[in-house]
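> Quick one: the structure is below, and I'll ask about it shortly.
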Number of protein chains: 2
Amino acid sequence: MTADRSKPTYFPQLAAERLDIALCRASAAVARAADAHAGEHGLGVGQHLVLKMLEAVGPCSQQTLSEELRIDRTVMVSVCDDLEKAGHVRRERNPRDRRSYAVTITDAGRRRLAEAEASIPEFLEDTFHGLTSAERDQLSALLGRLLRLPD
Amino acid sequence: MTADRSKPTYFPQLAAERLDIALCRASAAVARAADAHAGEHGLGVGQHLVLKMLEAVGPCSQQTLSEELRIDRTVMVSVCDDLEKAGHVRRERNPRDRRSYAVTITDAGRRRLAEAEASIPEFLEDTFHGLTSAERDQLSALLGRLLRLPD
DNA sequence: GACAAATCATCTGCTGTCAAACAATTGGCG
DNA sequence: CGCCAATTGTTTGACAGCAGATGATTTGTC
């Protein structure tokens, strides 16, 4: 038996044994930081991602946005509602398939996105400052394989 | 076939750029698998972790369980409620500090834990089969650093 | 001892997430 | 054409997670 510990911690042992738990707890901490950061800037994480994707790939249906951003389609409704209310996107009916919308980013939305994007590098730096640049790349590659993404 | 882009996917690009998003999406997928696995075996993830910690370190207060397992203390109430109803733990008052309980695992709880533990290796194998053993160790180490755990 | 502050477990209420059901529309197939 | 299955966006209801308040108890300070 080793010396008594004034603060016996069990979590490190658990994290070492249960990779799933370590992943979830790390994610929760990061998500918390992301929400706080997004809250400060007045644009939710989901809203930011939607604007970002729209600018990258052009008008999309909510379905496509949901699938690519891994945001549930029922949640996407309110995300787009808020963006539309704020004037950051327009919802136009797709004439080829009138079940779906063609969600389109507006100029105001583009400006808002640019503001939000500007603060992301610092946010990432703060959140992952425990890892070196090489380690972040490693982590990114491992998560990519876990998500079964093409290289 | 070089230019076969029947399904242009944006997510890989996003995941490469936003490490936080990649982490959260991977975690969500893993958590989903864990919940499904736990549901099949009739013992929630939180309940399993509580039993596991109690067997490892002995009787604990709910506060200590909450802090070490990173489960909110208000959630720990219902987790322990369920465990107590099922006869897997007892809640005895700590005579030294009667504000807190000494949550204690029962023999039935130990047997239940043993059953649940037996299925974990296969669950981990299924969930992380996209990664080699060395990659899992790498991921574990990176998450440990992100969580600022001692080596 | 008296009293203020801190701690533990609990309860309440709010928010975000997701499953299931729904209407509108499209496409397939006779 | 007519009918049925699938898809898109939406609403509803259930549930987890978390902040804040509360009651009981302990600790610290005078």
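Every chain in the structure tokens has a letter given in the order shown (A, B, ...), and although residue numbers restart at 1 in each chain, ligands are simply numbered from 1 in the order shown.
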Could I get the residues of chain B with an atom no further than 12 Å from an atom of chain C, each paired with its nearest atom pair and that distance in Å to one decimal, using only C-alpha atoms (C1' of nucleotides), sorted by chain and residue number, as a tab-separated table?


residue	atom	partner	partner_atom	distance
B:Ala28	CA	C:DT17	C1'	11.2
B:Arg32	CA	C:DC18	C1'	11.3
B:Ser61	CA	C:DC8	C1'	8.6
B:Gln62	CA	C:DA9	C1'	8.0
B:Gln63	CA	C:DC8	C1'	7.1
B:Thr64	CA	C:DC8	C1'	10.4
B:Ser66	CA	C:DC8	C1'	11.7
B:Arg73	CA	C:DA9	C1'	8.5
B:Thr74	CA	C:DT10	C1'	7.6
B:Val75	CA	C:DT10	C1'	10.5
B:Met76	CA	C:DA9	C1'	9.7
B:Val77	CA	C:DA9	C1'	7.6
B:Ser78	CA	C:DT10	C1'	10.1
B:Cys80	CA	C:DA9	C1'	11.3
B:Asp81	CA	C:DT10	C1'	11.6
B:Arg91	CA	C:DA9	C1'	11.6
B:Arg93	CA	C:DA9	C1'	11.3
B:Asn94	CA	C:DC8	C1'	11.1
B:Asp97	CA	C:DC8	C1'	9.2
B:Arg98	CA	C:DC8	C1'	8.8
B:Arg99	CA	C:DC8	C1'	5.2
B:Ser100	CA	C:DC8	C1'	5.3
B:Tyr101	CA	C:DA9	C1'	8.4
B:Ala102	CA	C:DC8	C1'	11.5

> Quote the C-alpha RMSD, in Å to one decimal, that results from superposing chain A on chain B by least squares across all C-alpha atoms in order.

1.5 Å

> May I have the residues of chain B within 9 Å of chain A, counting only C-alpha atoms, written as a ChimeraX atom specification?

/B:9-12,14-31,34,49,53,56-57,67-70,120,124,127-131,135-151

> List as a tab-separated table every residue of chain D that is in contact with chain A, defined as an atom at most 9 Å from one of its atoms (using only C-alpha atoms (C1' of nucleotides)), together with the nearest atom pair and the distance in Å rounded to one decimal, sorted by chain and then rising number.


residue	atom	partner	partner_atom	distance
D:DT7	C1'	A:Arg99	CA	8.0
D:DT8	C1'	A:Arg99	CA	5.1
D:DG9	C1'	A:Ser100	CA	7.0
D:DT10	C1'	A:Val77	CA	7.7

> Quick one: distance from atom CA of B:Pro95 to atom CA of B:Gly58 in Å, one decimal?

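That distance, rounded to one decimal, is 16.1 Å.
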
> In Å, rounded to a single decimal, give me how far atom CA of B:Glu122 is from atom CA of B:Glu84.

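Atom CA of B:Glu122 lies 27.7 Å from atom CA of B:Glu84.
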
> Please, which residues of stretch 3-151 of chain A, numbered as in this document, come out strand (DSSP E or B) from DSSP, as JSON, numbers by chain?

{"A": [60, 89, 90, 91, 92, 93, 101, 102, 103, 104, 105]}

> Using only C-alpha atoms (C1' of nucleotides) for the distances, tell me which of B:Gly39, B:Lys85, B:His48, B:Arg96 is nearest to D:DT25.

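The closest residue to D:DT25 is B:Arg96.
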
> Could you tell me, as a PyMOL selection string, which residues of stretch 1-56 of chain B DSSP assigns to helix (DSSP H, G or I) when given the backbone?

chain B and resi 11-17+19-41+45-56

> Using N, CA and C atoms, can you write the selected residues to a file as a short mmCIF file (atom, residue, chain, number, x, y, z; two decimals), in the first residue's frame?


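That gives us selection_1.cif:
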data_model
loop_
_atom_site.label_atom_id
_atom_site.label_comp_id
_atom_site.auth_asym_id
_atom_site.auth_seq_id
_atom_site.Cartn_x
_atom_site.Cartn_y
_atom_site.Cartn_z
N PHE B 11 -19.38 17.79 -44.15
CA PHE B 11 -18.99 17.50 -42.78
C PHE B 11 -17.49 17.24 -42.60
N PRO B 12 -16.86 16.47 -43.46
CA PRO B 12 -15.41 16.24 -43.27
C PRO B 12 -14.62 17.54 -43.25
N GLN B 13 -14.99 18.44 -44.11
CA GLN B 13 -14.31 19.74 -44.16
C GLN B 13 -14.49 20.48 -42.84
N LEU B 14 -15.72 20.46 -42.33
CA LEU B 14 -16.01 21.13 -41.06
C LEU B 14 -15.23 20.49 -39.92
N ALA B 15 -15.24 19.16 -39.89
CA ALA B 15 -14.57 18.44 -38.81
C ALA B 15 -13.07 18.73 -38.80
N ALA B 16 -12.50 18.90 -39.99
CA ALA B 16 -11.07 19.18 -40.07
C ALA B 16 -10.75 20.57 -39.54
N GLU B 17 -11.69 21.48 -39.74
CA GLU B 17 -11.46 22.87 -39.36
C GLU B 17 -11.82 23.15 -37.91
N LEU B 19 -12.09 21.45 -34.51
CA LEU B 19 -11.80 20.31 -33.65
C LEU B 19 -12.87 20.11 -32.59
N ASP B 20 -13.42 21.22 -32.10
CA ASP B 20 -14.46 21.11 -31.07
C ASP B 20 -15.70 20.38 -31.60
N ILE B 21 -16.07 20.70 -32.84
CA ILE B 21 -17.25 20.05 -33.42
C ILE B 21 -16.98 18.57 -33.66
N ALA B 22 -15.80 18.25 -34.19
CA ALA B 22 -15.46 16.85 -34.41
C ALA B 22 -15.54 16.06 -33.10
N LEU B 23 -15.01 16.66 -32.05
CA LEU B 23 -15.03 16.00 -30.75
C LEU B 23 -16.46 15.77 -30.26
N CYS B 24 -17.30 16.79 -30.36
CA CYS B 24 -18.67 16.67 -29.88
C CYS B 24 -19.46 15.66 -30.69
N ARG B 25 -19.27 15.63 -32.02
CA ARG B 25 -20.04 14.70 -32.84
C ARG B 25 -19.60 13.27 -32.59
N ALA B 26 -18.30 13.07 -32.43
CA ALA B 26 -17.80 11.73 -32.13
C ALA B 26 -18.33 11.27 -30.78
N SER B 27 -18.32 12.19 -29.81
CA SER B 27 -18.81 11.86 -28.49
C SER B 27 -20.29 11.51 -28.51
N ALA B 28 -21.06 12.25 -29.29
CA ALA B 28 -22.50 11.99 -29.37
C ALA B 28 -22.75 10.58 -29.91
N ALA B 29 -21.98 10.21 -30.93
CA ALA B 29 -22.15 8.88 -31.51
C ALA B 29 -21.80 7.80 -30.48
N VAL B 30 -20.71 8.02 -29.76
CA VAL B 30 -20.28 7.04 -28.76
C VAL B 30 -21.28 6.97 -27.61
N ALA B 31 -21.76 8.13 -27.17
CA ALA B 31 -22.73 8.16 -26.07
C ALA B 31 -24.00 7.41 -26.47
N ARG B 32 -24.39 7.59 -27.72
CA ARG B 32 -25.58 6.90 -28.22
C ARG B 32 -25.38 5.40 -28.14
N ALA B 33 -24.22 4.94 -28.57
CA ALA B 33 -23.93 3.52 -28.52
C ALA B 33 -23.91 3.03 -27.07
N ALA B 34 -23.34 3.83 -26.19
CA ALA B 34 -23.25 3.44 -24.78
C ALA B 34 -24.64 3.33 -24.16
N ASP B 35 -25.50 4.30 -24.46
CA ASP B 35 -26.85 4.27 -23.92
C ASP B 35 -27.61 3.04 -24.44
N ALA B 36 -27.45 2.77 -25.73
CA ALA B 36 -28.12 1.60 -26.31
C ALA B 36 -27.62 0.33 -25.64
N HIS B 37 -26.32 0.23 -25.48
CA HIS B 37 -25.74 -0.95 -24.85
C HIS B 37 -26.24 -1.10 -23.41
N ALA B 38 -26.21 0.04 -22.69
CA ALA B 38 -26.65 0.01 -21.29
C ALA B 38 -28.13 -0.36 -21.20
N GLY B 39 -28.92 0.19 -22.13
CA GLY B 39 -30.34 -0.11 -22.13
C GLY B 39 -30.61 -1.60 -22.31
N GLU B 40 -29.87 -2.23 -23.22
CA GLU B 40 -30.03 -3.66 -23.45
C GLU B 40 -29.79 -4.47 -22.18
N HIS B 41 -28.84 -4.00 -21.38
CA HIS B 41 -28.47 -4.75 -20.19
C HIS B 41 -29.23 -4.28 -18.95
N VAL B 45 -25.88 3.87 -17.74
CA VAL B 45 -24.45 4.16 -17.71
C VAL B 45 -24.05 4.75 -16.37
N GLY B 46 -24.83 5.72 -15.89
CA GLY B 46 -24.52 6.35 -14.60
C GLY B 46 -24.57 5.34 -13.46
N GLN B 47 -25.57 4.50 -13.47
CA GLN B 47 -25.68 3.48 -12.43
C GLN B 47 -24.47 2.55 -12.45
N HIS B 48 -24.08 2.16 -13.65
CA HIS B 48 -22.92 1.28 -13.78
C HIS B 48 -21.68 1.94 -13.18
N LEU B 49 -21.47 3.20 -13.52
CA LEU B 49 -20.28 3.89 -13.04
C LEU B 49 -20.28 4.02 -11.52
N VAL B 50 -21.45 4.29 -10.95
CA VAL B 50 -21.53 4.41 -9.50
C VAL B 50 -21.16 3.09 -8.83
N LEU B 51 -21.73 2.00 -9.31
CA LEU B 51 -21.39 0.69 -8.74
C LEU B 51 -19.90 0.40 -8.88
N LYS B 52 -19.36 0.74 -10.05
CA LYS B 52 -17.95 0.48 -10.33
C LYS B 52 -17.05 1.25 -9.36
N MET B 53 -17.41 2.51 -9.12
CA MET B 53 -16.59 3.31 -8.22
C MET B 53 -16.74 2.85 -6.78
N LEU B 54 -17.96 2.51 -6.39
CA LEU B 54 -18.17 2.05 -5.02
C LEU B 54 -17.36 0.79 -4.73
N GLU B 55 -17.33 -0.13 -5.69
CA GLU B 55 -16.55 -1.35 -5.46
C GLU B 55 -15.05 -1.05 -5.41
N ALA B 56 -14.64 -0.02 -6.18
CA ALA B 56 -13.21 0.28 -6.24
C ALA B 56 -12.72 1.03 -5.00
#
